[in-house]
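Shown here: run.txt, compact mmCIF, C-alpha atoms and all ligand atoms.
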# COMPACT_ATOMS: atom_id res chain seq x y z
CA MET H 1 313.54 73.51 87.58
CA LEU H 2 313.86 75.66 84.47
CA PHE H 3 310.84 73.82 83.05
CA LEU H 4 308.71 74.64 86.10
CA PHE H 5 309.92 78.21 86.00
CA SER H 6 308.85 78.45 82.34
CA ILE H 7 305.39 77.20 83.20
CA LEU H 8 305.16 79.79 85.96
CA VAL H 9 306.24 82.60 83.63
CA ALA H 10 303.77 81.44 80.97
CA ALA H 11 300.96 81.37 83.55
CA VAL H 12 301.78 84.88 84.75
CA LEU H 13 302.07 86.21 81.19
CA SER H 14 298.81 84.64 80.04
CA SER H 15 296.89 86.27 82.86
CA ALA H 16 298.55 89.67 82.33
CA ALA H 17 296.48 92.57 81.07
CA PRO H 18 296.58 92.97 77.27
CA PRO H 19 298.74 95.80 75.89
CA GLN H 20 297.09 99.21 75.85
CA TRP H 21 296.88 99.20 72.03
CA TYR H 22 295.09 95.83 72.03
CA THR H 23 292.30 97.26 74.18
CA ARG H 24 292.38 100.52 72.21
CA ASN H 25 291.92 98.71 68.88
CA ARG H 26 289.11 96.55 70.24
CA ASP H 27 287.35 99.60 71.69
CA THR H 28 287.65 101.53 68.42
CA ILE H 29 286.06 98.67 66.48
CA GLN H 30 283.38 98.18 69.13
CA LYS H 31 282.60 101.92 69.13
CA ILE H 32 282.24 101.90 65.35
CA TYR H 33 279.80 98.98 65.43
CA ASN H 34 277.96 100.48 68.40
CA LEU H 35 277.06 103.41 66.13
CA THR H 36 275.22 101.05 63.77
CA ILE H 37 272.71 100.45 66.59
CA PHE H 38 269.41 102.28 66.21
CA PRO H 39 268.89 105.17 66.94
CA ALA H 40 272.63 106.06 66.93
CA ASN H 41 272.68 105.36 63.17
CA ALA H 42 269.57 107.54 62.66
CA LYS H 43 271.38 110.53 64.17
CA ILE H 44 274.34 110.11 61.79
CA ILE H 45 272.04 109.66 58.79
CA ALA H 46 270.22 112.87 59.78
CA GLU H 47 273.23 115.00 60.74
CA GLY H 48 276.08 113.55 58.66
CA ALA H 49 279.81 113.87 59.41
CA PRO H 50 279.50 116.15 62.49
CA ALA H 51 277.59 113.37 64.29
CA VAL H 52 280.49 110.91 63.91
CA PRO H 53 282.69 111.01 67.02
CA PRO H 54 286.30 112.03 66.30
CA GLY H 55 289.09 109.46 66.57
CA LEU H 56 287.29 106.51 64.96
CA PHE H 57 288.31 107.05 61.34
CA ASN H 58 291.34 108.71 59.77
CA ALA H 59 290.44 111.40 57.20
CA ASN H 60 291.79 109.03 54.55
CA ALA H 61 290.03 105.88 55.80
CA THR H 62 289.64 103.57 52.82
CA GLY H 63 288.30 100.07 52.47
CA ARG H 64 286.55 97.33 50.58
CA VAL H 65 283.44 95.61 51.83
CA THR H 66 282.58 92.45 49.92
CA PRO H 67 280.03 92.23 48.29
CA VAL H 68 279.10 95.92 48.53
CA GLY H 69 281.96 97.96 47.10
CA GLU H 70 284.95 100.19 47.82
CA PHE H 71 284.94 103.34 49.94
CA PHE H 72 287.45 106.18 49.65
CA GLY H 73 287.99 108.58 52.54
CA PHE H 74 286.22 109.41 55.80
CA GLN H 75 282.91 110.50 54.26
CA ASP H 76 282.53 107.36 52.13
CA SER H 77 283.56 105.19 55.05
CA PHE H 78 281.17 106.48 57.68
CA GLU H 79 278.37 106.50 55.10
CA TYR H 80 278.99 102.81 54.52
CA PHE H 81 279.21 101.82 58.18
CA PHE H 82 276.32 103.92 59.50
CA GLY H 83 274.30 105.06 56.46
CA LEU H 84 273.54 101.46 55.46
CA ALA H 85 272.63 100.30 58.96
CA PRO H 86 268.89 99.62 58.76
CA LEU H 87 266.25 102.05 60.03
CA PRO H 88 262.79 100.85 61.07
CA THR H 89 260.63 100.99 57.95
CA GLY H 90 257.25 101.27 59.64
CA SER H 91 256.08 97.97 58.20
CA PRO H 92 256.85 94.44 59.45
CA PRO H 93 259.35 93.29 60.53
CA ASN H 94 260.37 96.94 61.24
CA GLY H 95 263.89 95.87 62.09
CA ALA H 96 267.06 97.72 63.03
CA ILE H 97 270.30 96.80 64.74
CA SER H 98 269.90 96.43 68.49
CA ASN H 99 273.18 94.86 69.59
CA ALA H 100 276.75 94.74 68.20
CA THR H 101 278.90 92.03 69.74
CA LEU H 102 282.50 91.31 68.75
CA VAL H 103 282.46 87.52 68.80
CA GLU H 104 285.99 87.22 67.40
CA PHE H 105 288.85 89.65 67.90
CA THR H 106 292.61 89.61 67.74
CA SER H 107 295.32 92.23 67.44
CA GLY H 108 298.97 91.22 67.29
CA CYS H 109 300.45 94.71 66.98
CA PRO H 110 299.28 98.33 67.40
CA GLU H 111 298.61 98.80 63.68
CA VAL H 112 296.52 95.73 62.74
CA ALA H 113 293.50 93.87 64.12
CA ALA H 114 290.91 91.37 62.89
CA SER H 115 287.36 90.95 64.09
CA THR H 116 284.00 89.34 63.52
CA VAL H 117 280.90 91.14 64.70
CA TRP H 118 277.34 89.94 65.07
CA LEU H 119 274.92 92.79 64.47
CA THR H 120 271.61 91.66 65.92
CA VAL H 121 268.54 92.89 64.05
CA SER H 122 265.43 93.21 66.20
CA THR H 123 261.96 94.64 65.75
CA ILE H 124 261.86 98.22 66.96
CA ASN H 125 258.73 99.06 68.97
CA SER H 126 256.86 102.32 68.46
CA ASP H 127 258.59 103.83 71.51
CA ASN H 128 261.98 102.84 69.96
CA SER H 129 262.52 100.08 72.52
CA THR H 130 263.86 96.74 71.27
CA GLY H 131 261.35 94.03 70.40
CA PRO H 132 261.80 90.43 69.24
CA PHE H 133 264.93 89.09 67.55
CA ILE H 134 264.67 88.91 63.75
CA THR H 135 268.11 87.92 62.48
CA ALA H 136 271.75 88.98 62.63
CA LEU H 137 274.27 90.30 60.17
CA LYS H 138 277.78 88.91 60.40
CA GLN H 139 280.83 90.91 59.32
CA THR H 140 284.44 89.80 59.42
CA ALA H 141 287.12 92.45 58.89
CA PHE H 142 290.81 93.18 58.90
CA TRP H 143 291.67 96.68 60.11
CA ARG H 144 294.71 98.95 59.93
CA PHE H 145 295.04 101.83 62.39
CA ASP H 146 297.00 105.08 62.18
CA ASP H 147 299.44 106.13 64.92
CA GLU H 148 296.58 107.63 66.96
CA GLY H 149 294.51 104.45 66.73
CA ALA H 150 291.95 105.68 64.18
CA VAL H 151 290.95 103.33 61.34
CA LEU H 152 293.01 103.98 58.23
CA GLN H 153 292.16 100.90 56.14
CA TYR H 154 289.73 98.01 56.30
CA GLU H 155 288.81 94.95 54.29
CA ALA H 156 285.52 93.40 55.37
CA TRP H 157 283.18 90.64 54.26
CA ILE H 158 279.48 90.13 54.87
CA PRO H 159 278.56 86.52 54.12
CA ASP H 160 275.14 85.16 53.19
CA LEU H 161 273.32 88.41 52.46
CA ASP H 162 270.95 86.45 50.21
CA LEU H 163 269.83 84.48 53.26
CA PHE H 164 269.81 87.52 55.53
CA SER H 165 267.77 89.76 53.24
CA PRO H 166 264.36 88.01 53.26
CA LEU H 167 264.44 87.97 57.07
CA ASP H 168 265.48 91.62 57.23
CA HIS H 169 263.09 92.75 54.46
CA GLY H 170 260.20 90.61 55.60
CA TYR H 171 259.67 89.38 52.04
CA ASP H 172 261.47 87.34 49.40
CA GLN H 173 262.92 89.88 47.01
CA TYR H 174 263.52 87.26 44.29
CA THR H 175 259.85 86.61 43.52
CA LEU H 176 258.15 88.81 40.90
CA ASP H 177 256.19 90.55 43.65
CA GLY H 178 259.34 90.96 45.72
CA MET H 179 261.26 92.51 42.82
CA ASN H 180 258.40 94.86 42.12
CA ARG H 181 258.21 95.82 45.77
CA THR H 182 261.93 96.57 45.91
CA ILE H 183 261.82 98.64 42.73
CA GLN H 184 258.76 100.57 43.95
CA GLY H 185 260.56 101.24 47.24
CA ILE H 186 263.74 102.53 45.57
CA CYS H 187 261.78 104.72 43.18
CA ALA H 188 259.57 106.19 45.91
CA LEU H 189 262.56 106.99 48.12
CA GLN H 190 264.67 108.59 45.38
CA ASP H 191 261.63 110.67 44.44
CA THR H 192 261.92 112.34 47.87
CA THR H 193 265.73 112.58 48.12
CA CYS H 194 266.86 113.13 44.51
CA VAL H 195 265.11 116.40 43.78
CA GLY H 196 266.07 119.71 42.17
CA SER H 197 269.53 119.55 40.64
CA ASN H 198 269.91 115.98 41.96
CA THR H 199 266.96 114.67 39.95
CA VAL H 200 267.84 111.51 38.02
CA TYR H 201 264.44 110.25 36.81
CA ASP H 202 261.46 111.88 35.18
CA GLY H 203 259.18 110.80 38.03
CA ILE H 204 258.46 107.51 39.77
CA SER H 205 257.06 105.67 36.76
CA ASP H 206 260.12 106.53 34.65
CA CYS H 207 262.25 105.15 37.47
CA VAL H 208 260.14 101.96 37.76
CA GLN H 209 260.27 101.38 34.01
CA THR H 210 264.02 101.94 33.87
CA LEU H 211 264.78 99.65 36.80
CA ALA H 212 262.37 96.93 35.65
CA ALA H 213 264.46 96.71 32.47
CA LYS H 214 267.72 96.20 34.43
CA PRO H 215 269.02 92.89 35.72
CA TYR H 216 267.75 92.47 39.28
CA GLY H 217 271.13 91.42 40.73
CA ARG H 218 271.82 89.52 43.94
CA SER H 219 272.48 90.62 47.49
CA ASP H 220 275.52 88.33 47.56
CA GLU H 221 277.02 90.23 44.61
CA SER H 222 275.41 93.62 44.62
CA TRP H 223 278.10 95.52 42.75
CA GLY H 224 276.77 96.00 39.21
CA ASP H 225 274.36 97.84 36.94
CA ASN H 226 271.36 96.29 38.65
CA VAL H 227 268.46 96.91 41.03
CA VAL H 228 270.05 95.50 44.19
CA CYS H 229 273.01 97.89 43.89
CA ARG H 230 270.63 100.84 43.58
CA GLY H 231 268.71 99.56 46.59
CA ILE H 232 271.87 100.05 48.64
CA HIS H 233 272.93 103.39 47.18
CA VAL H 234 269.46 104.92 47.45
CA LEU H 235 269.85 104.74 51.24
CA LEU H 236 272.89 106.99 50.97
CA THR H 237 270.94 109.63 49.03
CA LYS H 238 269.58 110.67 52.43
CA ILE H 239 273.10 111.76 53.43
CA ARG H 240 274.71 113.08 50.22
CA PRO H 241 272.14 113.28 47.42
CA GLU H 242 274.54 115.27 45.23
CA VAL H 243 276.83 112.22 45.11
CA HIS H 244 274.57 109.19 45.50
CA CYS H 245 271.55 110.08 43.33
CA ALA H 246 273.67 109.49 40.24
CA HIS H 247 274.36 105.94 41.46
CA VAL H 248 270.63 105.27 41.65
CA GLY H 249 270.01 106.88 38.27
CA PRO H 250 269.80 105.23 34.85
CA THR H 251 273.58 105.03 34.25
CA GLY H 252 274.61 104.02 37.77
CA GLY H 253 276.87 107.08 37.99
CA GLY H 254 280.12 105.10 37.94
CA LYS H 255 279.10 103.10 41.07
CA CYS H 256 276.22 100.85 40.10
CA ILE H 257 278.00 99.74 36.98
CA ASP H 258 279.13 96.32 35.87
CA VAL H 259 282.59 95.60 37.21
CA GLU H 260 285.16 92.93 36.53
CA TYR H 261 285.56 90.49 39.37
CA ASN H 262 289.23 90.09 38.41
CA ASP H 263 289.75 93.84 38.86
CA VAL H 264 287.72 95.13 41.76
CA TYR H 265 288.23 92.35 44.27
CA PHE H 266 291.97 92.24 43.70
CA ASN H 267 292.98 95.90 43.22
CA ASP H 268 294.51 96.15 46.70
CA GLU H 269 297.56 98.15 45.63
CA PHE H 270 295.31 100.75 43.98
CA LEU H 271 292.81 100.81 46.83
CA PHE H 272 295.24 100.88 49.73
CA GLY H 273 298.19 102.58 48.03
CA ALA H 274 300.61 100.10 49.55
CA PRO H 275 302.25 96.88 48.38
CA LEU H 276 300.05 93.81 48.34
CA GLY H 277 300.13 91.96 51.62
CA THR H 278 301.29 94.92 53.72
CA PRO H 279 298.14 96.85 54.80
CA PHE H 280 296.89 94.15 57.14
CA THR H 281 300.22 92.66 58.23
CA CYS H 282 302.10 93.90 61.29
CA ASP H 283 305.06 96.17 60.51
CA TYR H 284 307.87 93.84 61.54
CA GLY H 285 310.09 94.96 58.65
CA GLU H 286 311.50 92.97 55.79
CA ASP H 287 313.56 90.43 57.70
C1 LIG H 301 279.05 99.55 73.16
O1 LIG H 301 277.71 99.56 73.57
C2 LIG H 301 277.46 98.74 74.71
C3 LIG H 301 275.95 98.68 74.92
O2 LIG H 301 275.43 99.96 75.01
C4 LIG H 301 278.19 99.38 75.89
O3 LIG H 301 277.99 98.59 77.04
C5 LIG H 301 279.68 99.41 75.58
O4 LIG H 301 280.38 100.09 76.61
C6 LIG H 301 279.92 100.13 74.26
N1 LIG H 301 281.34 99.93 73.91
C7 LIG H 301 282.18 100.95 73.67
C8 LIG H 301 283.61 100.57 73.40
O5 LIG H 301 281.83 102.11 73.62
C1 LIG H 302 295.44 112.09 53.75
O1 LIG H 302 296.14 111.95 52.52
C2 LIG H 302 296.64 113.17 52.01
C3 LIG H 302 297.19 112.89 50.63
O2 LIG H 302 298.08 111.81 50.65
C4 LIG H 302 297.69 113.72 52.97
O3 LIG H 302 298.18 114.93 52.52
C5 LIG H 302 297.02 113.91 54.35
O4 LIG H 302 297.99 114.32 55.29
C6 LIG H 302 296.37 112.63 54.81
N1 LIG H 302 295.59 112.90 56.04
C7 LIG H 302 295.79 112.22 57.17
C8 LIG H 302 294.93 112.63 58.33
O5 LIG H 302 296.62 111.34 57.28
C1 LIG H 303 274.21 91.21 72.77
O1 LIG H 303 274.36 89.96 72.11
C2 LIG H 303 275.29 89.09 72.75
C3 LIG H 303 275.51 87.90 71.83
O2 LIG H 303 274.31 87.36 71.38
C4 LIG H 303 274.75 88.72 74.13
O3 LIG H 303 275.66 87.88 74.78
C5 LIG H 303 274.57 90.00 74.92
O4 LIG H 303 273.98 89.71 76.17
C6 LIG H 303 273.70 91.02 74.19
N1 LIG H 303 273.72 92.27 74.90
C7 LIG H 303 272.61 92.95 75.17
C8 LIG H 303 272.81 94.25 75.88
O5 LIG H 303 271.51 92.55 74.85
C1 LIG H 304 262.76 107.09 67.63
O1 LIG H 304 264.01 107.41 67.03
C2 LIG H 304 263.89 108.26 65.91
C3 LIG H 304 265.25 108.41 65.27
O2 LIG H 304 266.15 108.94 66.17
C4 LIG H 304 263.29 109.60 66.35
O3 LIG H 304 263.12 110.42 65.23
C5 LIG H 304 261.95 109.36 67.01
O4 LIG H 304 261.47 110.58 67.53
C6 LIG H 304 262.09 108.36 68.14
N1 LIG H 304 260.76 108.02 68.65
C7 LIG H 304 260.48 108.00 69.94
C8 LIG H 304 259.11 107.61 70.30
O5 LIG H 304 261.33 108.28 70.79
C1 LIG H 305 253.96 96.61 41.43
O1 LIG H 305 253.52 97.21 42.64
C2 LIG H 305 252.70 98.33 42.45
C3 LIG H 305 252.51 99.03 43.80
O2 LIG H 305 252.18 98.10 44.79
C4 LIG H 305 251.41 97.88 41.80
O3 LIG H 305 250.58 99.00 41.58
C5 LIG H 305 251.77 97.26 40.46
O4 LIG H 305 250.60 96.73 39.86
C6 LIG H 305 252.77 96.12 40.64
N1 LIG H 305 253.23 95.70 39.33
C7 LIG H 305 253.37 94.42 39.01
C8 LIG H 305 253.90 94.15 37.64
O5 LIG H 305 253.12 93.53 39.80
Can you turn what I pasted into structure tokens?
Ligand SMILES: *[C@@H]1O[C@H](CO)[C@@H](O)[C@H](O)[C@H]1NC(C)=O
Ligand SMILES: *[C@@H]1O[C@H](CO)[C@@H](O)[C@H](O)[C@H]1NC(C)=O
Ligand SMILES: *[C@@H]1O[C@H](CO)[C@@H](O)[C@H](O)[C@H]1NC(C)=O
Ligand SMILES: *[C@@H]1O[C@H](CO)[C@@H](O)[C@H](O)[C@H]1NC(C)=O
Ligand SMILES: *[C@@H]1O[C@H](CO)[C@@H](O)[C@H](O)[C@H]1NC(C)=O
Amino acid sequence: MLFLFSILVAAVLSSAAPPQWYTRNRDTIQKIYNLTIFPANAKIIAEGAPAVPPGLFNANATGRVTPVGEFFGFQDSFEYFFGLAPLPTGSPPNGAISNATLVEFTSGCPEVAASTVWLTVSTINSDNSTGPFITALKQTAFWRFDDEGAVLQYEAWIPDLDLFSPLDHGYDQYTLDGMNRTIQGICALQDTTCVGSNTVYDGISDCVQTLAAKPYGRSDESWGDNVVCRGIHVLLTKIRPEVHCAHVGPTGGGKCIDVEYNDVYFNDEFLFGAPLGTPFTCDYGED
């Protein structure tokens, strides 16, 4: 009798609506990824912080995205999530994100959730409608939310960027031609965004010469004094040139610099300001 009753209770509980915070956390994450979809990302790149809806990120939102880097505060965080989402380039495959689907999600308490998203990259037609599928970017993340449900901390991973990038770029960046093409692209873009007091190179050819002498780097480990790192940070010069031009410049401005794997991928206490193991664990107390 008790056994049957237990089964009945379990059946009722399993079909019950999820707690309000479960749905809230999932919606917050979904809303963030929805803003990577073109042209929502284009609006944020053009208008900056005011174009980011309130309530998604805490002012102190901080996180690490492997293999891209660490991001401190709201401005850094929205620049990462939306400023790096691709824009159509005007040449094939002319891709941008067309769909953001949470394929994995769980949240066991109001303050923590985990998710995997597929960000579909499709060709964007000249009228901005979505064309054929190109590829997808996968991101898995742990999230911590503040009391209002805004993201306070995140640790995310993007696997297989080296396999993603030739599909997204439309060329193999690791051939000599591909490396040249990437360097030319970075140097041409910074020449339009890093101007006046934000100038970091003495013209495009100075930039090309400087970058050609650097290690090229890899998309799967882009953090370093290399070309691939500058290829990421140059995109952010459209939003905050006064900060990001230095990262594209000859010294890497403290961002595109060689880092110690043993330090930067394990400095959780420094990054999150909380004891190791706590930021992404539910607050059930010590015992
Ligand atoms: C995300 O975008 C999809 C497609 O436009 C939409 O159906 C969905 O409601 C959005 N989700 C949230 C939480 O805003
Ligand atoms: C962000 O951190 C600063 C410094 O610790 C603190 O004073 C401020 O209240 C925090 N802001 C939010 C929105 O939590
Ligand atoms: C987005 O992608 C998912 C997973 O591939 C798919 O199930 C869904 O139908 C797509 N949504 C739209 C609006 O295309
Ligand atoms: C496509 O989107 C971009 C970015 O928002 C915008 O500048 C452009 O005018 C749009 N093009 C069309 C044809 O709507
Ligand atoms: C690199 O590309 C530029 C522009 O397309 C071209 O002028 C130059 O000859 C190329 N350099 C090399 C070394 O292939």
Give me the chain H side of the contact with ligand LIG 303 (chain H), cut-off 8 Å, one line per residue showing its nearest atom pair and distance in Å at one decimal, counting only C-alpha atoms and all ligand atoms, sorted by chain and residue number, as a tab-separated table.
residue	atom	partner	partner_atom	distance
H:Ser98	CA	H:LIG303	O5	7.6
H:Asn99	CA	H:LIG303	C1	4.9
H:Ala100	CA	H:LIG303	C1	6.3
H:Thr101	CA	H:LIG303	O1	5.5
H:Val103	CA	H:LIG303	C3	7.6
H:Trp118	CA	H:LIG303	C3	7.3
H:Thr120	CA	H:LIG303	O1	7.0
Mind writing the picked residues with C-alpha atoms as a PDB file, in the coordinates of the input?
ATOM      1  CA  SER H  98     269.900  96.430  68.490  1.00  0.00           C
ATOM      2  CA  ASN H  99     273.180  94.860  69.590  1.00  0.00           C
ATOM      3  CA  ALA H 100     276.750  94.740  68.200  1.00  0.00           C
ATOM      4  CA  THR H 101     278.900  92.030  69.740  1.00  0.00           C
ATOM      5  CA  VAL H 103     282.460  87.520  68.800  1.00  0.00           C
ATOM      6  CA  TRP H 118     277.340  89.940  65.070  1.00  0.00           C
ATOM      7  CA  THR H 120     271.610  91.660  65.920  1.00  0.00           C
TER       8      THR H 120
END
request  = Would you mind telling me which residue in H:Leu189, H:Val195, H:Leu119, H:Ala96 lies nearest to ligand LIG 301 (chain H) when using only C-alpha atoms and all ligand atoms?
outcome  = H:Leu119
request  = Compute the set of protein, DNA and RNA residues whose minimum atom distance to ligand LIG 304 (chain H) is at most 7 Å, using all atoms listed in the file, and state it as a list in words.
outcome  =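 The residues near ligand LIG 304 (chain H) are Pro39, Ala42, Lys43, Ser126, Asp127 and Asn128 of chain H.
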Interatomic distance (Å, one decimal) between CA of Gln153 (chain H) and CA of Phe71 (chain H) = 9.8 Å
Residue contacts of region 30-38 of chain H (6 Å, only C-alpha atoms) excluding same-chain residues fewer than 3 positions away, as a list of chain:residue names =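 Neighbouring residues, sequence-local ones excluded: H:Asp27, H:Asn41, H:Phe82, H:Ala85, H:Ile97, H:Ser98, H:Ala100.
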Where atoms are absent from region 84-93 of chain H, fill them in so it carries all heavy atoms, then output it as an mmCIF file, in the coordinates of the input.
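Result went into out-v8.cif, see below:
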data_model
loop_
_atom_site.group_PDB
_atom_site.id
_atom_site.type_symbol
_atom_site.label_atom_id
_atom_site.label_comp_id
_atom_site.auth_asym_id
_atom_site.auth_seq_id
_atom_site.Cartn_x
_atom_site.Cartn_y
_atom_site.Cartn_z
ATOM 1 N N LEU H 84 274.202 102.676 55.938
ATOM 2 C CA LEU H 84 273.540 101.460 55.460
ATOM 3 C C LEU H 84 272.953 100.636 56.591
ATOM 4 O O LEU H 84 272.278 99.644 56.345
ATOM 5 C CB LEU H 84 274.518 100.617 54.634
ATOM 6 C CG LEU H 84 275.038 101.276 53.357
ATOM 7 C CD1 LEU H 84 275.961 100.330 52.608
ATOM 8 C CD2 LEU H 84 273.896 101.726 52.453
ATOM 9 N N ALA H 85 273.230 101.020 57.834
ATOM 10 C CA ALA H 85 272.630 100.300 58.960
ATOM 11 C C ALA H 85 271.128 100.538 58.913
ATOM 12 O O ALA H 85 270.679 101.673 58.767
ATOM 13 C CB ALA H 85 273.232 100.779 60.279
ATOM 14 N N PRO H 86 270.324 99.468 59.009
ATOM 15 C CA PRO H 86 268.890 99.620 58.760
ATOM 16 C C PRO H 86 268.178 100.566 59.746
ATOM 17 O O PRO H 86 268.549 100.662 60.911
ATOM 18 C CB PRO H 86 268.338 98.197 58.917
ATOM 19 C CG PRO H 86 269.410 97.403 59.588
ATOM 20 C CD PRO H 86 270.705 98.074 59.291
ATOM 21 N N LEU H 87 267.176 101.253 59.213
ATOM 22 C CA LEU H 87 266.250 102.050 60.030
ATOM 23 C C LEU H 87 264.912 101.329 60.029
ATOM 24 O O LEU H 87 264.576 100.662 59.052
ATOM 25 C CB LEU H 87 266.051 103.441 59.393
ATOM 26 C CG LEU H 87 267.260 104.379 59.381
ATOM 27 C CD1 LEU H 87 266.955 105.610 58.526
ATOM 28 C CD2 LEU H 87 267.639 104.782 60.800
ATOM 29 N N PRO H 88 264.131 101.456 61.090
ATOM 30 C CA PRO H 88 262.790 100.850 61.070
ATOM 31 C C PRO H 88 261.996 101.424 59.892
ATOM 32 O O PRO H 88 262.052 102.626 59.637
ATOM 33 C CB PRO H 88 262.183 101.299 62.409
ATOM 34 C CG PRO H 88 263.310 101.782 63.245
ATOM 35 C CD PRO H 88 264.407 102.193 62.328
ATOM 36 N N THR H 89 261.318 100.547 59.165
ATOM 37 C CA THR H 89 260.630 100.990 57.950
ATOM 38 C C THR H 89 259.187 101.389 58.215
ATOM 39 O O THR H 89 258.538 101.977 57.351
ATOM 40 C CB THR H 89 260.589 99.846 56.921
ATOM 41 O OG1 THR H 89 259.942 98.720 57.547
ATOM 42 C CG2 THR H 89 261.985 99.467 56.477
ATOM 43 N N GLY H 90 258.658 100.995 59.371
ATOM 44 C CA GLY H 90 257.250 101.270 59.640
ATOM 45 C C GLY H 90 256.348 100.123 59.244
ATOM 46 O O GLY H 90 255.164 100.112 59.583
ATOM 47 N N SER H 91 256.900 99.147 58.494
ATOM 48 C CA SER H 91 256.080 97.970 58.200
ATOM 49 C C SER H 91 256.873 96.723 58.608
ATOM 50 O O SER H 91 258.106 96.762 58.662
ATOM 51 C CB SER H 91 255.682 97.924 56.725
ATOM 52 O OG SER H 91 256.818 97.932 55.912
ATOM 53 N N PRO H 92 256.177 95.619 58.912
ATOM 54 C CA PRO H 92 256.850 94.440 59.450
ATOM 55 C C PRO H 92 258.002 93.974 58.550
ATOM 56 O O PRO H 92 257.844 94.054 57.332
ATOM 57 C CB PRO H 92 255.751 93.380 59.498
ATOM 58 C CG PRO H 92 254.475 94.148 59.491
ATOM 59 C CD PRO H 92 254.747 95.405 58.723
ATOM 60 N N PRO H 93 259.117 93.509 59.096
ATOM 61 C CA PRO H 93 259.350 93.290 60.530
ATOM 62 C C PRO H 93 259.881 94.527 61.262
ATOM 63 O O PRO H 93 260.167 94.426 62.454
ATOM 64 C CB PRO H 93 260.403 92.184 60.521
ATOM 65 C CG PRO H 93 261.197 92.430 59.279
ATOM 66 C CD PRO H 93 260.234 92.992 58.270
#
